[in-house]
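Asks: First the structure, which I've put down as structure tokens, then a few questions once you've had a look.
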Amino acid sequence: MSEFTVGESDFLLDGRPVRLLSGALHYFRVHEGHWRHRLAMLRAMGLNCVETYVPWNLHRPAPGGHRDVEALGRFLDAAGEVGLWAIVRPGPYICAEWENGGLPPWVSGGAGTRVRTRDERFLAPVRSWFHHLMREVVPRQIDRGGPVVLVQVENEYGSYGSDRGYLQELAGLLRAEGVTVPLFTSDGPEDHMLTGGSLPGVLATVNFGSHAREAFATLRRHRPEGPLMCMEFWCGWFDHWAGEHVVRDPAQAAGVLREILECGASVNLYMAHGGTSFGGWAGANRGGGELHEGPLEPDVTSYDYDAPVDECGRPTEKFWRFREVLAGYRGGPLPELPPLPAALSEAADVVLDGWSSLGEVLETLGGEERVGPVPPSFEELHVTRGLVRYEVDVPGPRRPYPLTLRGLRDLAVVYADGERAGVLTEEEPRLKEPVAGPARVEVWVESLGRVNYGPRFGETKGITGGILHERQYLHGVRARGLDLEAFRDGVAAVPCGALPREGGPGLYRGTVTVGGAGDARLELPGWTRGFVWINGFGLGRYWSVGPQRSLYVPGPVLRDGANEVWVLELQEAGRDRAAPRLLPV
């Protein structure tokens, strides 16, 4: 068995100095049928290691039971078989532009501001989770013949908090569960972040996108000894809905990579291959500058990240630039690139022939209705991802007054007496046209992704401050949640009728016939906002505001012949909408 240790200035493998040339690849953002291809692409780029986070909320969205935690073990096995070491970052908080930073809402909603502290209301579920999760990590450590060489304690904690006792609890918990490889922390190269986020006796690493020498100089002020490592070299970036597509010049990024390696440091490319936030799991940020207290900025479904291996698994110019740099540090010729997975043979239109109203979908797949004086949050209704219908009566007779959704998070489509009255957001929570009483008001609120970074991390979703008519709160609110998890198994039970003439919101169903299955992209021209499933696999959110214009469809999801398609449109599929269309990548 090999031993991987931390020396005074190097990582050591059986006493020999080694440099980690790693790349981030999240197993949960890549279809399992593509894991080996993407891992082989990392090796061909010149890397010897892969890094992955572990999203707690994906594997345990509700308090009872776990879902396919074994996927992490299968991924680590695949990495070892391809010839890569592995770095595991189990959190419990991971950021990763992932819903709620990886924490289940049933945990963050109950713990509130106590999350990411040593408070027992947060640590108790963490202990239970780690006890289950480490069964996939511990047997796969390098000293047991597996690929795992490093395990992270928390994640960028210094940019959030200063409870070192919490970090010590996590480190002790990992050791108690059997982790024997070196532990590490990762933070921004700033004094307050390294002070708040590092631990004595635990390797400290830094994250940055440029100015490598300055970053490592800051690290050395805090840690005079130990290996230098950039745990996240941000070689690209992510996109927000209604924003611009972000790219980074390949030559400039390659220059920074060279600078990192010239410093004698190890590196982890973030991302080497980003993949896709399937299933509606994309998170959100708060804008407004360094304090991250501004408007909500939800992340798009694609996590391409302008990475050297693109969302479809293809090498980019950045790949070839990085490969040239990395070749000088690997020794010997690099492996050849693996063949690309098959692409869809030809374009195909989706034939939609059935429809169900949102009300019918809610009646079949929704949770129990709750009645109370004020609107309950998504967390109180146990909705992880999806939407909630709130209903309230405006008493009358009374004059028309403005109707305001106080504390709205994030977006609402409002109906008054069955007619659509407007679409409201956090920034514009008041209807333009006043509402007279008596009236029945129906509000469909959608979460656009929970915040995954900054002081607003863990905030609740829904109507968090009440429904106002003029300055009067409307009490007696009926609420019912529709969680995306319910679509996994229950769609067949939803009653289905003819397509609506006007193309309103609802669940559209149909098929697409494929002659040569393979990687594809789905376009939805004329559709506004919603989610798509093919053969029960959740492709994620689409939204006409861009910048993302199509959804990536992994080839293993498709089959030759008829494929079932569900489109959940939440606002409006206009008269001019075209049939969704599959196109080759």
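We name chains A, B, ... following the order of the structure tokens; residues begin at 1 in each chain, and ligands are numbered from 1 as shown.
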Enumerate, as number ranges by chain, the complete set of residues in region 233-391 of chain A that a backbone-based DSSP assignment places in strand (DSSP E or B).

Replies: A: 233-234, 240, 266-273, 276, 282, 284-286, 296-299, 302, 309, 315, 343, 348-356, 370-372, 386-391

Asks: Within 9 Å of region 431-436 of chain A, counting only C-alpha atoms, which residues qualify if same-chain residues fewer than 6 places away don't, as a list in words?

Replies: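 Final neighbour list, sorted by chain and number: Val394, Pro395, Gly396, Pro397, Arg398, Arg399, Pro400, Tyr401, Pro402, Leu403, Thr404, Leu405, Val414, Ala416, Ala421, Gly422, Val423, Leu424 and His469 of chain A.
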
Asks: Can you list, as JSON, numbers by chain, every protein, DNA or RNA residue that comes within 8 Å of Arg456 (chain A) when you count only C-alpha atoms, leaving out same-chain residues fewer than 3 positions away?

Replies: {"A": [286, 292, 293, 451, 453, 459]}

Asks: Export N, CA and C atoms of the chosen residues as an mmCIF file, in the first residue's frame?

Replies:
data_model
loop_
_atom_site.group_PDB
_atom_site.id
_atom_site.type_symbol
_atom_site.label_atom_id
_atom_site.label_comp_id
_atom_site.auth_asym_id
_atom_site.auth_seq_id
_atom_site.Cartn_x
_atom_site.Cartn_y
_atom_site.Cartn_z
ATOM 1 N N ARG A 286 -25.812 36.380 -4.714
ATOM 2 C CA ARG A 286 -26.307 37.721 -4.461
ATOM 3 C C ARG A 286 -25.300 38.706 -5.040
ATOM 4 N N HIS A 292 -21.944 40.852 -1.240
ATOM 5 C CA HIS A 292 -22.904 39.822 -1.678
ATOM 6 C C HIS A 292 -24.246 39.959 -0.976
ATOM 7 N N GLU A 293 -24.754 41.195 -0.951
ATOM 8 C CA GLU A 293 -26.040 41.476 -0.310
ATOM 9 C C GLU A 293 -27.060 42.022 -1.309
ATOM 10 N N VAL A 451 -29.306 30.582 -2.589
ATOM 11 C CA VAL A 451 -27.990 31.224 -2.558
ATOM 12 C C VAL A 451 -26.939 30.230 -2.083
ATOM 13 N N TYR A 453 -23.466 31.189 -1.757
ATOM 14 C CA TYR A 453 -22.233 31.842 -1.294
ATOM 15 C C TYR A 453 -22.582 33.165 -0.620
ATOM 16 N N GLU A 459 -30.757 31.418 3.106
ATOM 17 C CA GLU A 459 -32.002 32.150 3.286
ATOM 18 C C GLU A 459 -33.187 31.351 2.748
#

Asks: If we count only C-alpha atoms, what is near Gly280 (chain A) at a cut-off of 7 Å, once residues fewer than 3 positions away on the same chain are taken out, given as a ChimeraX atom specification?

Replies: /A:277,385,540-541

Asks: Name the residues in contact with region 13-21 of chain A at a cut-off of 7 Å, using only C-alpha atoms, excluding same-chain residues fewer than 6 positions from it; report them as number ranges by chain.

Replies: A: 2-5, 47-49, 266-268

Asks: How about saving the chosen residues, N, CA and C atoms kept, as a short mmCIF file (atom, residue, chain, number, x, y, z; two decimals), in the first residue's frame?

Replies:
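In the end it all went to again-v3.cif:
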data_model
loop_
_atom_site.label_atom_id
_atom_site.label_comp_id
_atom_site.auth_asym_id
_atom_site.auth_seq_id
_atom_site.Cartn_x
_atom_site.Cartn_y
_atom_site.Cartn_z
N SER A 2 0.46 2.28 -0.69
CA SER A 2 1.22 3.52 -0.76
C SER A 2 0.78 4.47 0.35
N GLU A 3 1.70 5.33 0.76
CA GLU A 3 1.41 6.33 1.77
C GLU A 3 1.60 7.71 1.18
N PHE A 4 0.57 8.54 1.28
CA PHE A 4 0.61 9.91 0.77
C PHE A 4 0.64 10.84 1.97
N THR A 5 1.68 11.67 2.07
CA THR A 5 1.86 12.52 3.24
C THR A 5 2.22 13.94 2.82
N LEU A 47 -3.14 15.85 -16.69
CA LEU A 47 -3.41 15.82 -15.25
C LEU A 47 -3.19 14.42 -14.69
N ASN A 48 -2.88 14.38 -13.38
CA ASN A 48 -2.71 13.08 -12.72
C ASN A 48 -3.71 12.87 -11.59
N CYS A 49 -4.68 13.80 -11.46
CA CYS A 49 -5.59 13.76 -10.32
C CYS A 49 -6.92 14.41 -10.72
N SER A 266 1.51 22.78 -6.58
CA SER A 266 0.50 21.89 -7.17
C SER A 266 -0.71 22.74 -7.53
N VAL A 267 -1.60 22.17 -8.35
CA VAL A 267 -2.72 22.95 -8.85
C VAL A 267 -3.93 22.06 -9.07
N ASN A 268 -5.11 22.66 -8.90
CA ASN A 268 -6.36 22.02 -9.27
C ASN A 268 -7.13 22.98 -10.17
#

Asks: Do a neighbour search on region 524-528 of chain A at 6 Å with only C-alpha atoms, toss out local chain neighbours closer than 5 positions, and write the hits as a list of chain:residue names.

Replies: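 Here the qualifying residues turn out to be A:Trp543, A:Ser544, A:Glu572, A:Ala573, A:Arg577, A:Ala578, A:Pro580.
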
Asks: Any chance you can output those residues with C-alpha atoms as a JSON list (two decimals), in the first residue's frame?

Replies:
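File out.json, as written:
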[["chain", "number", "residue", "atom", "x", "y", "z"],
["A", 543, "TRP", "CA", -35.44, 30.46, -19.59],
["A", 544, "SER", "CA", -35.90, 32.77, -22.54],
["A", 572, "GLU", "CA", -46.27, 31.18, -20.97],
["A", 573, "ALA", "CA", -45.73, 29.13, -24.11],
["A", 577, "ARG", "CA", -43.98, 28.79, -29.90],
["A", 578, "ALA", "CA", -42.29, 26.16, -32.01],
["A", 580, "PRO", "CA", -38.98, 21.78, -29.00]]

Asks: May I have the residues within 10 Å of Leu583 (chain A) as a CSV table (one decimal) with all heavy atoms, in the first residue's frame, using only C-alpha atoms and disregarding those fewer than 5 positions away in the same chain?

Replies:
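To be explicit, this is the file written out as out17.csv:
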chain,number,residue,atom,x,y,z
A,343,ALA,N,-22.6,11.5,-31.3
A,343,ALA,CA,-23.6,12.6,-31.3
A,343,ALA,C,-24.9,12.1,-32.0
A,343,ALA,O,-24.9,11.1,-32.7
A,343,ALA,CB,-23.0,13.8,-32.0
A,344,LEU,N,-25.9,12.8,-31.7
A,344,LEU,CA,-27.2,12.5,-32.3
A,344,LEU,C,-27.0,12.6,-33.9
A,344,LEU,O,-26.3,13.5,-34.4
A,344,LEU,CB,-28.2,13.6,-31.9
A,344,LEU,CG,-29.7,13.4,-32.5
A,344,LEU,CD1,-30.4,12.3,-31.8
A,344,LEU,CD2,-30.5,14.7,-32.2
A,345,SER,N,-27.6,11.6,-34.6
A,345,SER,CA,-27.3,11.5,-36.0
A,345,SER,C,-28.0,12.6,-36.8
A,345,SER,O,-27.4,13.0,-37.8
A,345,SER,CB,-27.8,10.1,-36.5
A,345,SER,OG,-29.2,9.9,-36.3
A,346,GLU,N,-29.2,13.0,-36.4
A,346,GLU,CA,-29.9,14.0,-37.2
A,346,GLU,C,-30.9,14.7,-36.3
A,346,GLU,O,-31.4,14.1,-35.3
A,346,GLU,CB,-30.5,13.5,-38.4
A,346,GLU,CG,-31.6,12.4,-38.1
A,346,GLU,CD,-32.1,11.8,-39.4
A,346,GLU,OE1,-31.7,12.2,-40.5
A,346,GLU,OE2,-33.1,11.0,-39.3
A,347,ALA,N,-31.3,15.9,-36.6
A,347,ALA,CA,-32.2,16.7,-35.9
A,347,ALA,C,-33.6,16.0,-35.8
A,347,ALA,O,-33.9,15.3,-36.7
A,347,ALA,CB,-32.4,18.1,-36.4
A,348,ALA,N,-34.3,16.3,-34.7
A,348,ALA,CA,-35.7,15.6,-34.6
A,348,ALA,C,-36.6,16.6,-33.8
A,348,ALA,O,-36.2,17.1,-32.8
A,348,ALA,CB,-35.5,14.3,-33.9
A,349,ASP,N,-37.8,16.7,-34.3
A,349,ASP,CA,-38.8,17.6,-33.6
A,349,ASP,C,-39.5,16.8,-32.5
A,349,ASP,O,-39.8,15.6,-32.7
A,349,ASP,CB,-39.8,18.1,-34.6
A,349,ASP,CG,-39.3,19.2,-35.5
A,349,ASP,OD1,-38.3,19.8,-35.1
A,349,ASP,OD2,-39.8,19.3,-36.6
A,519,ASP,N,-25.2,12.4,-28.1
A,519,ASP,CA,-25.3,13.7,-27.5
A,519,ASP,C,-26.0,14.7,-28.3
A,519,ASP,O,-25.8,14.7,-29.5
A,519,ASP,CB,-23.9,14.2,-27.2
A,519,ASP,CG,-23.2,13.4,-26.0
A,519,ASP,OD1,-23.8,12.5,-25.5
A,519,ASP,OD2,-22.1,13.8,-25.7
A,520,ALA,N,-26.8,15.5,-27.7
A,520,ALA,CA,-27.7,16.4,-28.4
A,520,ALA,C,-27.9,17.7,-27.6
A,520,ALA,O,-27.5,17.8,-26.4
A,520,ALA,CB,-29.0,15.8,-28.7
A,521,ARG,N,-28.6,18.6,-28.2
A,521,ARG,CA,-29.0,19.8,-27.4
A,521,ARG,C,-30.5,20.0,-27.8
A,521,ARG,O,-30.9,19.8,-28.9
A,521,ARG,CB,-28.2,21.0,-27.7
A,521,ARG,CG,-28.1,21.4,-29.2
A,521,ARG,CD,-27.0,22.5,-29.4
A,521,ARG,NE,-26.9,22.9,-30.8
A,521,ARG,CZ,-27.6,23.8,-31.4
A,521,ARG,NH1,-28.4,24.6,-30.7
A,521,ARG,NH2,-27.4,24.1,-32.7
A,522,LEU,N,-31.2,20.6,-26.8
A,522,LEU,CA,-32.7,20.8,-27.0
A,522,LEU,C,-33.0,22.3,-27.0
A,522,LEU,O,-32.6,23.0,-26.1
A,522,LEU,CB,-33.5,20.1,-25.8
A,522,LEU,CG,-35.0,20.3,-25.9
A,522,LEU,CD1,-35.6,19.4,-27.0
A,522,LEU,CD2,-35.6,19.9,-24.6
A,523,GLU,N,-33.6,22.7,-28.1
A,523,GLU,CA,-34.0,24.1,-28.2
A,523,GLU,C,-35.5,24.2,-28.0
A,523,GLU,O,-36.3,23.3,-28.4
A,523,GLU,CB,-33.6,24.7,-29.6
A,523,GLU,CG,-32.1,24.8,-29.8
A,523,GLU,CD,-31.8,25.5,-31.1
A,523,GLU,OE1,-32.7,25.6,-32.0
A,523,GLU,OE2,-30.6,26.0,-31.2
A,550,SER,N,-30.0,26.7,-25.1
A,550,SER,CA,-30.4,25.3,-25.3
A,550,SER,C,-30.0,24.5,-24.2
A,550,SER,O,-29.1,24.9,-23.4
A,550,SER,CB,-29.8,24.7,-26.6
A,550,SER,OG,-28.4,24.8,-26.6
A,552,TYR,N,-28.3,20.9,-22.8
A,552,TYR,CA,-27.5,19.7,-23.2
A,552,TYR,C,-28.2,18.4,-22.8
A,552,TYR,O,-28.8,18.3,-21.7
A,552,TYR,CB,-26.2,19.8,-22.5
A,552,TYR,CG,-25.3,18.6,-22.6
A,552,TYR,CD1,-24.9,18.2,-23.9
A,552,TYR,CD2,-24.9,17.8,-21.5
A,552,TYR,CE1,-24.1,17.0,-24.0
A,552,TYR,CE2,-24.1,16.7,-21.7
A,552,TYR,CZ,-23.7,16.3,-22.9
A,552,TYR,OH,-22.9,15.2,-23.1
A,553,VAL,N,-28.3,17.5,-23.8
A,553,VAL,CA,-28.9,16.2,-23.6
A,553,VAL,C,-27.8,15.1,-23.7
A,553,VAL,O,-27.3,14.9,-24.8
A,553,VAL,CB,-30.0,15.9,-24.6
A,553,VAL,CG1,-30.7,14.6,-24.3
A,553,VAL,CG2,-31.0,17.1,-24.6

Asks: Using only C-alpha atoms, which of A:Val392, A:Val54, A:Leu326, A:Ala242 sits nearest Leu261 (chain A)?

Replies: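 The answer is A:Leu326, which sits nearest to Leu261 (chain A).
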
Asks: Of the residues A:Ala498, A:Val512, A:Val309, A:Val153, which is the one nearest to His37 (chain A), using only C-alpha atoms?

Replies: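 Going through A:Ala498, A:Val512, A:Val309, A:Val153 one by one, the smallest distance to His37 (chain A) is for A:Val309.
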
Asks: Kindly indicate which residue among A:Gly332, A:Gly288, A:Gly449, A:Pro308 lies nearest to Cys235 (chain A), using only C-alpha atoms for the distances.

Replies: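 Smallest separation from Cys235 (chain A) among the options: A:Pro308.
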
Asks: Looking at only C-alpha atoms, which of A:Leu296, A:Ala111, A:Val256, A:Val361 is the one that sits closest to Gly481 (chain A)?

Replies: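 The answer is A:Val361, which sits nearest to Gly481 (chain A).
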
Asks: In Å, with one decimal, what is the gap from CA of Asn57 (chain A) to CA of Glu99 (chain A)?

Replies: 8.2 Å
